[in-house]
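K.L.:
Take a look at this one; I'll ask things after.
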Protein chains: 4
Amino acid sequence: MNDVHYGKPDARFKLTRVGVSGIRKPIVVRRQDRETRLTATIDLYVDLPATQKGSHMSRNVEVLEEAVNEAFAEPTGGLEVYAAGLAKALLQRHEYATFSDVRIAADYFLGKSAPSGRKTTEVYGLEASAHGAREPGRIRLKKSIGVEVTGMTCCPCAMEGARELMAAEKPECSSALLGFPALTHNQRNVTTLKMDVPDGSDVEADLLIEIVEEALSSPTREILKRRDEAELVLAAHRNPKFVEDVVRGVLERVVSRFAALPDDVELNVRSVSQESIHKHNAMAERVTTLGELRS
Amino acid sequence: MNDVHYGKPDARFKLTRVGVSGIRKPIVVRRQDRETRLTATIDLYVDLPATQKGSHMSRNVEVLEEAVNEAFAEPTGGLEVYAAGLAKALLQRHEYATFSDVRIAADYFLGKSAPSGRKTTEVYGLEASAHGAREPGRIRLKKSIGVEVTGMTCCPCAMEGARELMAAEKPECSSALLGFPALTHNQRNVTTLKMDVPDGSDVEADLLIEIVEEALSSPTREILKRRDEAELVLAAHRNPKFVEDVVRGVLERVVSRFAALPDDVELNVRSVSQESIHKHNAMAERVTTLGELRS
Amino acid sequence: MNDVHYGKPDARFKLTRVGVSGIRKPIVVRRQDRETRLTATIDLYVDLPATQKGSHMSRNVEVLEEAVNEAFAEPTGGLEVYAAGLAKALLQRHEYATFSDVRIAADYFLGKSAPSGRKTTEVYGLEASAHGAREPGRIRLKKSIGVEVTGMTCCPCAMEGARELMAAEKPECSSALLGFPALTHNQRNVTTLKMDVPDGSDVEADLLIEIVEEALSSPTREILKRRDEAELVLAAHRNPKFVEDVVRGVLERVVSRFAALPDDVELNVRSVSQESIHKHNAMAERVTTLGELRS
Amino acid sequence: MNDVHYGKPDARFKLTRVGVSGIRKPIVVRRQDRETRLTATIDLYVDLPATQKGSHMSRNVEVLEEAVNEAFAEPTGGLEVYAAGLAKALLQRHEYATFSDVRIAADYFLGKSAPSGRKTTEVYGLEASAHGAREPGRIRLKKSIGVEVTGMTCCPCAMEGARELMAAEKPECSSALLGFPALTHNQRNVTTLKMDVPDGSDVEADLLIEIVEEALSSPTREILKRRDEAELVLAAHRNPKFVEDVVRGVLERVVSRFAALPDDVELNVRSVSQESIHKHNAMAERVTTLGELRS
């Protein structure tokens with residue numbers, strides 16, 4: 001059959017990214033000696049030169065099908081390693097491309113504990129990316145892993161305001177109250193941390209999730225009996241955080257925990273509080289490198 | 001041209017609803033002597049007899065286009081009146097149908113006040129429905145209006161738990177603390193109230209929004225300066241509500257406010273708290289009639 | 001600790017459904033001797049009597065956690081059996097409730113073939129429900145399974161219109177053209193079939209997926225090389241379908257395939273075409289019972 | 001009241017963007033001497049220096065409220081002018097910030113015609129952005145406007161494949177068929193074009209919408225009577241387009257139409273086909289400048 005894709009394009013412009021998006025696939029990865037099955041959503045792109053009409057998109061899906069089958073036979077690394085394998089295979093199969101781009105998102109589950117030690121299963125989001133670049137004689141790969149953590153923030157500003165209001169209303173209570181945090185608004189917060197994973201580094205999704213949970217007012221847990229609930233609420237109020245504080249808390253822990261990583265590691269931290277006192281959200285973000293944070 | 005729709009179907013089954021969904025349209029309605037422009041999402045359905053292959057769906061969109069134009073020329077009622085007009089026109093245009101079903105959803109804005117009296121603009125959701133039934137010599141219409149209100153709930157259970165925990169930790173504080181609500185988790189809550197609108201009744205979206213806002217721990221406001229924020233937070237903690245309480249509070253106000261409406265008025269109240277201590281939501285719902293609630 | 005939930009409510013109204021929604025969980029089920037792992041989204045509700053302030057929602061999540069652990073140890077049935085087990089456990093744990101309602105949705109993957117026989121992995125949606133009712137001395141359970149299938153519809157009406165237009169333009173072509181289907185608009189279609197699963201029946205998700213795929217103009221496949229693509233397109237044009245035809249085609253196959261099932265089996269078929277010539281969708285639906293369809 | 005925001009942060013890192021997201025507002029703009037009311041979703045951010053704990057987010061919402069009121073009193077420009085006004089006001093109000101970022105998205109409606117000339121109302125998406133940068137003695141502003149257009153693509157590759165298949169099946173038909181396009185898969189496509197709007201330029205949303213509609217296989221229309229539908233389908237098949245072709249067609253028209261604009265104008269074109277033969281989407285994108293396209 002005559003392959004239209006190899007024909008001449010109507011207009012001579014190269015394209016930055018061409019491919020398939022929103023593929024749903026069951027995949028298996030190996031994280032810390034543990035096999036994990038994920039239901040993933042995958043995007044696969046390459047660039048397209050100005051001289052070629054179309055990209056062979058069915059090759060993207062073939063590359064994925066083969067990778068999925070191989071990984072089920074022998075899972076070998078985390079989600080970002082999986083993405084890097086796809087980014088490499090895309091450049092091998094699309095001989096005309098110089099660049100490949102892969103994104104994989106999936107829900108991810110970890111066993112955690114409530115304050116009482118009771119076991120719960122918690123859901124997190126993972127997002128791995130990989131980019132391949134064709135260079136003379138080789139394919140250069142860059143990969144990153146991101147985590148999305150749902151937790152809780154307690155507002156420090158409203159807490160100070162409520163404390164003042166309560167002290168004005170009942171001055172005799174103010175000193176007693178000072179022993180406890182005042183009431184404030186608190187809410188569901190979604191914080192993401194995404195960073196490059198240099199080869200041989202110990203950047204790992206489970207660790208990034210821990211870092212984010214520590215930077216929130218409190219992590220949330222799916223099962224909380226009455227005492228657990230009260231303890232979590234009190235602990236969160238003793239640790240009030242703006243979205244700004246959450247992002248800086250993550251940055252500080254990343255700088256400290258990953259002292260051995262090179263300066264050019266890129267990272268992105270974003271925290272969104274679904275404000276309980278407003279209909280809109282509050283957001284803070286830092287896009288940076290480890291080098292910038294260290295200077 | 002040969003019209004395939006009037007042909008014989010492959011299989012002789014009537015269909016419950018056939019039509020178009022997800023039409024986006026700018027519309028204008030008249031609410032309480034005030035013209036309101038809305039960007040609406042509209043679904044339009046009729047039933048289809050077993051003897052006919054297809055419904056003429058382009059007629060649905062024509063009916064809508066005409067109604068939109070007429071309403072821009074002379075807006076005459078609320079969103080549910082608009083929906084009822086469409087339900088009637090659908091049955092006039094689809095001579096083979098015995099039933100029509102119309103849904104219109106739109107964002108809606110009202111001027112409200114922060115505790116300080118400062119003016120803010122708040123967003124709500126509207127959802128109007130209408131059903132038409134062809135009866136001998138006439139078309140019978142039934143219409144309803146629903147509101148979706150985003151507000152705040154403070155958990156009464158965690159408040160009691162935190163009070164006990166704090167009293168155990170510092171017994172000397174407990175009496176002082178009793179003068180104020182204890183801290184608790186609070187969160188964004190989305191509550192919907194939908195009810196039939198009998199002809200000539202005074203059921204009105206603005207009033208339903210007020211009823212729901214009163215039943216929450218607190219309404220939320222888009223602009224809150226520091227003192228407003230502290231006052232809203234304190235007021236909400238003095239009014240802790242489960243989702244169950246919110247639904248019952250709405251039901252109570254509806255029964256009291258609409259004493260003149262007939263027993264067969266159907267209503268649906270649903271409250272969802274986006275829990276700040278969990279990753280999942282809490283939900284309570286009542287599907288009922290005014291008659292049931294009065295008995 | 002003092003349990004606020006058992007307290008008296010502000011207003012004496014029973015509630016239809018109270019519980020938790022949007023819980024994400026990895027679960028395992030057994031379908032046709034094959035273990036399947038799913039990432040599920042789960043809602044768990046019971047009713048609440050007028051005399052009790054709140055439902056103990058943490059029990060819902062405990063019930064789920066236990067069911068998940070048991071099923072990983074020994075998976076015993078399909079997703080609707082899983083839901084029924086949850087519906088039963090909810091009534092055992094909520095001693096005040098008379099009714100329970102469970103919904104589980106998950107993506108589901110099956111190996112299928114392209115026209116050439118080439119293997120592909122296809123994604124479908126599953127939605128299981130179960131309702132429990134407390135009766136004197138026993139709990140009565142009702143369960144259902146639903147499938148969501150993405151496929152392709154080719155419009156019969158535009159095909160007839162295009163044929164007439166082409167014949168008018170080049171009369172000499174018309175007879176030649178009659179040997180092939182004319183061109184038409186075709187598009188992504190999402191069709192759902194949901195039905196009750198009586199105990200001991202052979203209603204099975206894989207079979208429902210087959211029934212829906214047969215009723216579409218064509219199923220879609222993730223990997224199609226050039227010849228596969230052309231064959232699928234030609235086959236789909238030889239089988240043009242309105243959404244009305246798709247729903248009726250599913251109904252016909254269900255009636256024929258499940259002749260042994262009782263008349264009171266409820267079912268719901270819904271087909272939505274994401275029209276390629278419009279910005280809105282076309283929808284057809286039938287809500288019915290096997291008895292109604294047979295009469 | 002003691003303002004916590006001005007306090008010292010826990011960790012000394014500046015933040016890239018801090019603010020509010022997802023604010024819904026009714027706004028009014030002036031496009032080509034015509035007042036247009038929009039229901040907008042708005043994000044408002046500034047940066048935050050390392051020395052300050054929190055950003056005063058309520059100022060963002062105040063800035064918006066004032067802008068909305070002023071524009072209702074006297075609308076003065078397109079949506080990107082509106083965004084630029086907000087970006088400027090944010091820097092005036094946040095004295096500590098050096099950068100501001102504003103995004104406004106809204107549905108937008110235009111009167112269009114079906115092939116027969118029949119009038120229809122079509123929905124499009126608008127997305128305006130503006131960035132403010134504080135420079136010595138002045139605020140520098142950069143603004144852009146984007147359009148999202150839903151239309152139709154017909155696949156050229158499957159058309160060639162179907163033609164070959166049909167010719168092999170009935171060789172006598174092949175010459176007759178050559179007079180008409182062969183059948184192929186076609187589908188809903190969503191294409192976005194976003195570009196900088198230099199001061200005094202004639203970049204206008206309505207024109208960008210026209211450019212995108214011309215680059216698709218066919219625009220779609222909400223009301224198509226039978227002949228219109230057949231004509232649109234035939235015209236689209238005579239103009240088959242990959243997503244790659246759509247992006248290049250837009251680029252070509254932009255280069256030609258905006259010859260007077262400077263080289264540093266940035267633009268982004270993205271086309272996504274919701275494939276009717278697959279469950280996933282096909283995507284092509286170019287991120288570039290006018291200068292790059294001209295070279």
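By order of appearance in the structure tokens: chains A, B, ..., then residues from 1 within every chain, and ligands from 1 in the order shown.
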May I ask you to extract the residues of chain A within 7 Å of chain C, using only C-alpha atoms, and to give them as a VMD selection string?

P.N.:
chain A and resid 24 39 58 61 to 62 123 223 to 225

K.L.:
Neighbours of region 4-21 of chain D within 9 Å (only C-alpha atoms; same-chain residues fewer than 3 positions away dropped), as JSON, numbers by chain?

P.N.:
{"A": [156, 157, 160, 243, 244, 245, 247, 248, 249, 251, 252, 272, 280, 281, 282, 283, 284, 285, 286, 287, 288, 293], "D": [41, 42, 43, 44, 45, 46, 47, 48, 49, 50, 51, 52, 53, 54, 55, 56, 57, 58, 60, 61, 99, 100, 101]}

K.L.:
Could you find all residues in region 83-138 of chain B that DSSP calls strand (DSSP E) from the backbone, and write them as a compact mmCIF listing (two decimals) with all heavy atoms, in the first residue's frame?

P.N.:
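Wrote out_23.txt, looks like this:
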```txt
# COMPACT_ATOMS: atom_id res chain seq x y z
N PHE B 99 -43.11 12.24 24.93
CA PHE B 99 -42.43 12.66 26.15
C PHE B 99 -41.22 13.50 25.76
O PHE B 99 -40.54 13.20 24.78
CB PHE B 99 -41.98 11.39 26.89
CG PHE B 99 -41.03 11.63 28.01
CD1 PHE B 99 -41.49 11.97 29.28
CD2 PHE B 99 -39.65 11.52 27.81
CE1 PHE B 99 -40.60 12.19 30.33
CE2 PHE B 99 -38.76 11.74 28.86
CZ PHE B 99 -39.23 12.08 30.11
N SER B 100 -40.96 14.58 26.49
CA SER B 100 -39.74 15.36 26.24
C SER B 100 -39.05 15.64 27.56
O SER B 100 -39.68 15.67 28.62
CB SER B 100 -40.07 16.66 25.50
OG SER B 100 -40.91 17.48 26.29
N ASP B 101 -37.75 15.84 27.49
CA ASP B 101 -36.91 15.97 28.69
C ASP B 101 -35.83 17.02 28.38
O ASP B 101 -35.09 16.88 27.40
CB ASP B 101 -36.28 14.60 28.96
CG ASP B 101 -35.38 14.59 30.18
OD1 ASP B 101 -35.57 15.42 31.08
OD2 ASP B 101 -34.46 13.75 30.23
N VAL B 102 -35.77 18.05 29.19
CA VAL B 102 -34.82 19.15 28.96
C VAL B 102 -34.03 19.42 30.23
O VAL B 102 -34.60 19.45 31.32
CB VAL B 102 -35.58 20.44 28.56
CG1 VAL B 102 -34.64 21.63 28.47
CG2 VAL B 102 -36.33 20.23 27.26
N ARG B 103 -32.72 19.57 30.10
CA ARG B 103 -31.88 19.98 31.23
C ARG B 103 -31.00 21.15 30.83
O ARG B 103 -30.39 21.12 29.76
CB ARG B 103 -30.98 18.83 31.67
CG ARG B 103 -31.79 17.74 32.32
CD ARG B 103 -30.98 16.55 32.69
NE ARG B 103 -31.92 15.45 32.83
CZ ARG B 103 -31.72 14.38 33.59
NH1 ARG B 103 -30.59 14.26 34.24
NH2 ARG B 103 -32.63 13.44 33.68
N ILE B 104 -30.93 22.15 31.69
CA ILE B 104 -30.08 23.31 31.43
C ILE B 104 -29.24 23.57 32.68
O ILE B 104 -29.80 23.77 33.76
CB ILE B 104 -30.90 24.58 31.12
CG1 ILE B 104 -32.00 24.28 30.09
CG2 ILE B 104 -30.00 25.69 30.65
CD1 ILE B 104 -32.83 25.50 29.71
N ALA B 105 -27.93 23.58 32.53
CA ALA B 105 -27.03 23.89 33.64
C ALA B 105 -26.24 25.15 33.31
O ALA B 105 -25.87 25.37 32.16
CB ALA B 105 -26.08 22.73 33.90
N ALA B 106 -26.00 25.98 34.31
CA ALA B 106 -25.24 27.21 34.07
C ALA B 106 -24.64 27.71 35.37
O ALA B 106 -25.20 27.49 36.45
CB ALA B 106 -26.15 28.29 33.47
N ASP B 107 -23.51 28.39 35.26
CA ASP B 107 -23.00 29.15 36.40
C ASP B 107 -23.84 30.40 36.56
O ASP B 107 -24.36 30.95 35.59
CB ASP B 107 -21.55 29.57 36.14
CG ASP B 107 -20.57 28.46 36.47
OD1 ASP B 107 -20.99 27.41 36.95
OD2 ASP B 107 -19.37 28.68 36.24
N TYR B 108 -23.94 30.85 37.82
CA TYR B 108 -24.83 31.98 38.13
C TYR B 108 -24.15 32.81 39.20
O TYR B 108 -23.51 32.27 40.11
CB TYR B 108 -26.16 31.39 38.64
CG TYR B 108 -27.19 32.36 39.12
CD1 TYR B 108 -27.70 33.34 38.27
CD2 TYR B 108 -27.68 32.29 40.42
CE1 TYR B 108 -28.68 34.22 38.72
CE2 TYR B 108 -28.66 33.16 40.87
CZ TYR B 108 -29.16 34.13 40.02
OH TYR B 108 -30.11 34.99 40.46
N PHE B 109 -24.25 34.12 39.10
CA PHE B 109 -23.52 35.01 39.99
C PHE B 109 -24.46 35.90 40.78
O PHE B 109 -25.42 36.44 40.23
CB PHE B 109 -22.54 35.87 39.18
CG PHE B 109 -21.52 35.04 38.45
CD1 PHE B 109 -21.77 34.59 37.15
CD2 PHE B 109 -20.34 34.65 39.06
CE1 PHE B 109 -20.85 33.79 36.48
CE2 PHE B 109 -19.42 33.86 38.41
CZ PHE B 109 -19.68 33.42 37.11
N LEU B 110 -24.17 36.06 42.07
CA LEU B 110 -24.98 36.94 42.91
C LEU B 110 -24.06 37.83 43.73
O LEU B 110 -23.00 37.39 44.18
CB LEU B 110 -25.85 36.13 43.88
CG LEU B 110 -27.11 35.49 43.34
CD1 LEU B 110 -27.78 34.65 44.43
CD2 LEU B 110 -28.09 36.55 42.82
N GLY B 111 -24.47 39.07 43.94
CA GLY B 111 -23.76 39.94 44.87
C GLY B 111 -24.10 39.53 46.30
O GLY B 111 -25.27 39.33 46.62
N LYS B 112 -23.09 39.33 47.11
CA LYS B 112 -23.29 38.97 48.52
C LYS B 112 -22.38 39.86 49.37
O LYS B 112 -21.64 40.67 48.84
CB LYS B 112 -22.92 37.48 48.73
CG LYS B 112 -23.87 36.51 48.03
CD LYS B 112 -25.16 36.30 48.83
CE LYS B 112 -26.14 35.37 48.13
NZ LYS B 112 -27.35 35.18 48.92
N SER B 113 -22.42 39.66 50.69
CA SER B 113 -21.59 40.48 51.58
C SER B 113 -20.71 39.60 52.47
O SER B 113 -21.16 38.56 52.95
CB SER B 113 -22.47 41.34 52.50
OG SER B 113 -23.33 42.14 51.73
N LYS B 119 -18.80 44.14 49.83
CA LYS B 119 -19.48 43.47 48.73
C LYS B 119 -18.57 42.46 48.03
O LYS B 119 -17.40 42.77 47.79
CB LYS B 119 -19.96 44.50 47.69
CG LYS B 119 -20.94 45.50 48.24
CD LYS B 119 -22.26 44.83 48.60
CE LYS B 119 -23.22 45.78 49.30
NZ LYS B 119 -24.19 45.04 50.14
N THR B 120 -19.10 41.30 47.71
CA THR B 120 -18.36 40.34 46.89
C THR B 120 -19.31 39.75 45.85
O THR B 120 -20.53 39.84 46.01
CB THR B 120 -17.79 39.17 47.73
OG1 THR B 120 -18.88 38.33 48.16
CG2 THR B 120 -17.03 39.67 48.95
N THR B 121 -18.75 39.19 44.80
CA THR B 121 -19.55 38.48 43.81
C THR B 121 -19.31 36.98 43.99
O THR B 121 -18.15 36.55 43.99
CB THR B 121 -19.13 38.88 42.38
OG1 THR B 121 -19.18 40.30 42.28
CG2 THR B 121 -20.05 38.26 41.34
N GLU B 122 -20.36 36.21 44.17
CA GLU B 122 -20.23 34.78 44.43
C GLU B 122 -20.81 33.97 43.27
O GLU B 122 -21.80 34.36 42.68
CB GLU B 122 -20.95 34.41 45.73
CG GLU B 122 -20.45 35.16 46.96
CD GLU B 122 -18.99 34.89 47.29
OE1 GLU B 122 -18.57 33.72 47.22
OE2 GLU B 122 -18.24 35.86 47.60
N VAL B 123 -20.18 32.83 43.01
CA VAL B 123 -20.63 31.96 41.93
C VAL B 123 -21.41 30.77 42.49
O VAL B 123 -21.03 30.18 43.50
CB VAL B 123 -19.43 31.46 41.07
CG1 VAL B 123 -18.46 30.62 41.88
CG2 VAL B 123 -19.93 30.67 39.87
N TYR B 124 -22.52 30.45 41.83
CA TYR B 124 -23.35 29.30 42.18
C TYR B 124 -23.65 28.52 40.90
O TYR B 124 -23.44 29.03 39.79
CB TYR B 124 -24.67 29.77 42.82
CG TYR B 124 -24.43 30.63 44.04
CD1 TYR B 124 -24.41 32.02 43.95
CD2 TYR B 124 -24.17 30.04 45.27
CE1 TYR B 124 -24.14 32.81 45.07
CE2 TYR B 124 -23.90 30.82 46.39
CZ TYR B 124 -23.89 32.20 46.28
OH TYR B 124 -23.61 32.97 47.39
N GLY B 125 -24.12 27.29 41.04
CA GLY B 125 -24.57 26.54 39.89
C GLY B 125 -26.09 26.50 39.84
O GLY B 125 -26.74 26.42 40.89
N LEU B 126 -26.65 26.58 38.65
CA LEU B 126 -28.10 26.38 38.47
C LEU B 126 -28.30 25.14 37.62
O LEU B 126 -27.53 24.89 36.69
CB LEU B 126 -28.72 27.57 37.72
CG LEU B 126 -28.76 28.93 38.41
CD1 LEU B 126 -29.49 29.92 37.51
CD2 LEU B 126 -29.44 28.85 39.77
N GLU B 127 -29.33 24.37 37.92
CA GLU B 127 -29.73 23.30 37.01
C GLU B 127 -31.24 23.22 36.93
O GLU B 127 -31.90 22.85 37.90
CB GLU B 127 -29.15 21.95 37.44
CG GLU B 127 -29.41 20.91 36.34
CD GLU B 127 -29.06 19.50 36.74
OE1 GLU B 127 -28.00 19.30 37.34
OE2 GLU B 127 -29.89 18.60 36.45
N ALA B 128 -31.76 23.59 35.78
CA ALA B 128 -33.21 23.53 35.56
C ALA B 128 -33.54 22.29 34.74
O ALA B 128 -32.76 21.86 33.89
CB ALA B 128 -33.67 24.77 34.82
N SER B 129 -34.71 21.70 35.02
CA SER B 129 -35.21 20.58 34.22
C SER B 129 -36.66 20.83 33.86
O SER B 129 -37.38 21.52 34.60
CB SER B 129 -35.21 19.27 35.01
OG SER B 129 -33.96 18.99 35.54
N ALA B 130 -37.08 20.25 32.75
CA ALA B 130 -38.52 20.25 32.44
C ALA B 130 -38.85 18.98 31.68
O ALA B 130 -38.02 18.46 30.92
CB ALA B 130 -38.89 21.47 31.61
N HIS B 131 -40.04 18.47 31.95
CA HIS B 131 -40.53 17.28 31.26
C HIS B 131 -41.86 17.61 30.62
O HIS B 131 -42.71 18.22 31.26
CB HIS B 131 -40.73 16.12 32.24
CG HIS B 131 -39.48 15.79 32.98
ND1 HIS B 131 -38.48 15.03 32.45
CD2 HIS B 131 -39.05 16.17 34.21
CE1 HIS B 131 -37.48 14.95 33.32
NE2 HIS B 131 -37.81 15.63 34.40
N GLY B 132 -42.03 17.22 29.38
CA GLY B 132 -43.31 17.40 28.71
C GLY B 132 -43.94 16.03 28.47
O GLY B 132 -43.23 15.08 28.14
N ALA B 133 -45.25 15.92 28.64
CA ALA B 133 -45.96 14.67 28.36
C ALA B 133 -47.14 15.00 27.45
O ALA B 133 -47.95 15.88 27.78
CB ALA B 133 -46.44 14.03 29.65
N ARG B 134 -47.23 14.30 26.32
CA ARG B 134 -48.35 14.54 25.40
C ARG B 134 -49.56 13.80 25.93
O ARG B 134 -49.52 12.59 26.13
CB ARG B 134 -47.99 14.04 24.01
CG ARG B 134 -48.97 14.49 22.93
CD ARG B 134 -48.68 13.85 21.57
NE ARG B 134 -47.34 14.05 21.08
CZ ARG B 134 -46.92 15.17 20.46
NH1 ARG B 134 -47.75 16.17 20.29
NH2 ARG B 134 -45.68 15.26 20.04
N GLU B 135 -50.63 14.54 26.19
CA GLU B 135 -51.89 13.94 26.62
C GLU B 135 -52.95 14.32 25.59
O GLU B 135 -52.73 15.22 24.79
CB GLU B 135 -52.25 14.46 28.00
CG GLU B 135 -51.19 14.05 29.03
CD GLU B 135 -51.58 14.45 30.44
OE1 GLU B 135 -52.49 15.29 30.59
OE2 GLU B 135 -50.96 13.92 31.38
N ARG B 138 -53.60 18.04 24.78
CA ARG B 138 -52.75 19.02 25.45
C ARG B 138 -51.37 18.44 25.77
O ARG B 138 -51.15 17.23 25.68
CB ARG B 138 -53.41 19.50 26.74
CG ARG B 138 -53.59 18.40 27.77
CD ARG B 138 -54.04 18.97 29.11
NE ARG B 138 -53.44 18.20 30.18
CZ ARG B 138 -52.93 18.70 31.29
NH1 ARG B 138 -52.92 20.00 31.47
NH2 ARG B 138 -52.40 17.93 32.21
```

K.L.:
Work out how far CA of Thr36 (chain C) is from CA of Leu141 (chain C), in Å to one decimal.

P.N.:
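Separation of CA of Leu141 (chain C) and CA of Thr36 (chain C): 23.6 Å.
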
K.L.:
Calculate how many Å separate CA of Val63 (chain B) from CA of Gly200 (chain B), rounding to one decimal.

P.N.:
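Separation of CA of Val63 (chain B) and CA of Gly200 (chain B): 25.0 Å.
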
K.L.:
Quick one, how far is CA of Gly137 (chain A) from CA of Asp199 (chain A)?

P.N.:
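That distance, rounded to one decimal, is 19.6 Å.
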
K.L.:
Assign secondary structure with DSSP using the backbone only, and return the residues of region 197-290 of chain B in alpha helix (DSSP H) as a PyMOL selection string.

P.N.:
chain B and resi 205-215+226-237+243-257+290

K.L.:
So that I can see what lies close to Thr153 (chain B), please list as JSON, numbers by chain the residues with an atom at most 10 Å from it, counting only C-alpha atoms and leaving out residues fewer than 2 positions away in the same chain.

P.N.:
{"A": [276, 277], "B": [151, 155, 156, 185, 186, 187, 188, 189, 190, 215, 216, 217, 218, 219, 236, 237, 239, 240, 241, 242, 243, 245, 246, 272, 273, 274, 275]}

K.L.:
Write the residues of the preceding selection, restricted to C-alpha atoms, as a PDB file, in the first residue's frame.

P.N.:
```pdb
ATOM      1  CA  SER A 276     -12.545  26.029  52.754  1.00  0.00           C
ATOM      2  CA  ILE A 277     -13.405  29.735  53.147  1.00  0.00           C
TER       3      ILE A 277
ATOM      4  CA  GLY B 151     -19.711  26.562  51.331  1.00  0.00           C
ATOM      5  CA  CYS B 155     -17.011  18.647  61.805  1.00  0.00           C
ATOM      6  CA  PRO B 156     -18.843  18.375  65.169  1.00  0.00           C
ATOM      7  CA  HIS B 185     -11.412  19.893  60.625  1.00  0.00           C
ATOM      8  CA  ASN B 186     -13.377  22.023  58.211  1.00  0.00           C
ATOM      9  CA  GLN B 187     -13.568  21.897  54.433  1.00  0.00           C
ATOM     10  CA  ARG B 188     -15.137  22.897  51.171  1.00  0.00           C
ATOM     11  CA  ASN B 189     -18.655  21.531  50.877  1.00  0.00           C
ATOM     12  CA  VAL B 190     -20.886  21.423  47.809  1.00  0.00           C
ATOM     13  CA  ALA B 215     -27.851  25.339  56.526  1.00  0.00           C
ATOM     14  CA  LEU B 216     -24.052  25.169  56.135  1.00  0.00           C
ATOM     15  CA  SER B 217     -21.554  25.865  58.940  1.00  0.00           C
ATOM     16  CA  SER B 218     -20.868  29.048  56.973  1.00  0.00           C
ATOM     17  CA  PRO B 219     -21.206  30.363  53.450  1.00  0.00           C
ATOM     18  CA  ALA B 236     -18.400  28.512  61.309  1.00  0.00           C
ATOM     19  CA  HIS B 237     -16.863  26.771  64.357  1.00  0.00           C
ATOM     20  CA  ASN B 239     -22.058  26.164  63.972  1.00  0.00           C
ATOM     21  CA  PRO B 240     -20.496  22.720  63.349  1.00  0.00           C
ATOM     22  CA  LYS B 241     -22.348  20.532  60.836  1.00  0.00           C
ATOM     23  CA  PHE B 242     -22.077  17.014  59.478  1.00  0.00           C
ATOM     24  CA  VAL B 243     -23.264  16.566  55.881  1.00  0.00           C
ATOM     25  CA  ASP B 245     -27.009  18.086  59.434  1.00  0.00           C
ATOM     26  CA  VAL B 246     -26.718  20.205  56.307  1.00  0.00           C
ATOM     27  CA  VAL B 272     -20.802  16.539  49.749  1.00  0.00           C
ATOM     28  CA  SER B 273     -17.906  17.523  52.016  1.00  0.00           C
ATOM     29  CA  GLN B 274     -14.464  17.348  50.409  1.00  0.00           C
ATOM     30  CA  GLU B 275     -13.011  16.119  53.709  1.00  0.00           C
TER      31      GLU B 275
END
```

K.L.:
List the neighbours of Asp206 (chain B) out to 9 Å using only C-alpha atoms; skip same-chain residues closer than 4 positions along the sequence, and give me the result as a PyMOL selection string.

P.N.:
chain B and resi 31+110+147+210-211

K.L.:
List as a list in words the protein and nucleic acid residues near Val68 (chain A), meaning an atom at most 8 Å away when only C-alpha atoms are counted, but skip any in the same chain fewer than 4 places from it.

P.N.:
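Residues near the query, excluding close chain neighbours: Pro26, Ile27, Val28, Leu64 and Phe72 of chain A.
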
K.L.:
Write out as a PyMOL selection string each polymer residue whose atoms come within 12 Å of Val254 (chain B), counting only C-alpha atoms; drop sequence neighbours fewer than 3 positions from it.

P.N.:
chain B and resi 193-196+203-204+207-212+214-215+247-251+257-261+265-269+288-291+293-294

K.L.:
So that I can check the surroundings of Met166 (chain D), please list as a ChimeraX atom specification every protein, DNA and RNA residue that reaches within 10 Å of it, counting only C-alpha atoms and ignoring chain neighbours fewer than 6 positions away.

P.N.:
/C:179-180,230-231,234 /D:160,172-174,177,182-183

K.L.:
Counting only C-alpha atoms, which residue out of B:Gly161, B:Thr192, B:Ser295, B:Pro136 sits closest to Thr98 (chain B)?

P.N.:
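For Thr98 (chain B), the nearest of the candidates is B:Pro136.
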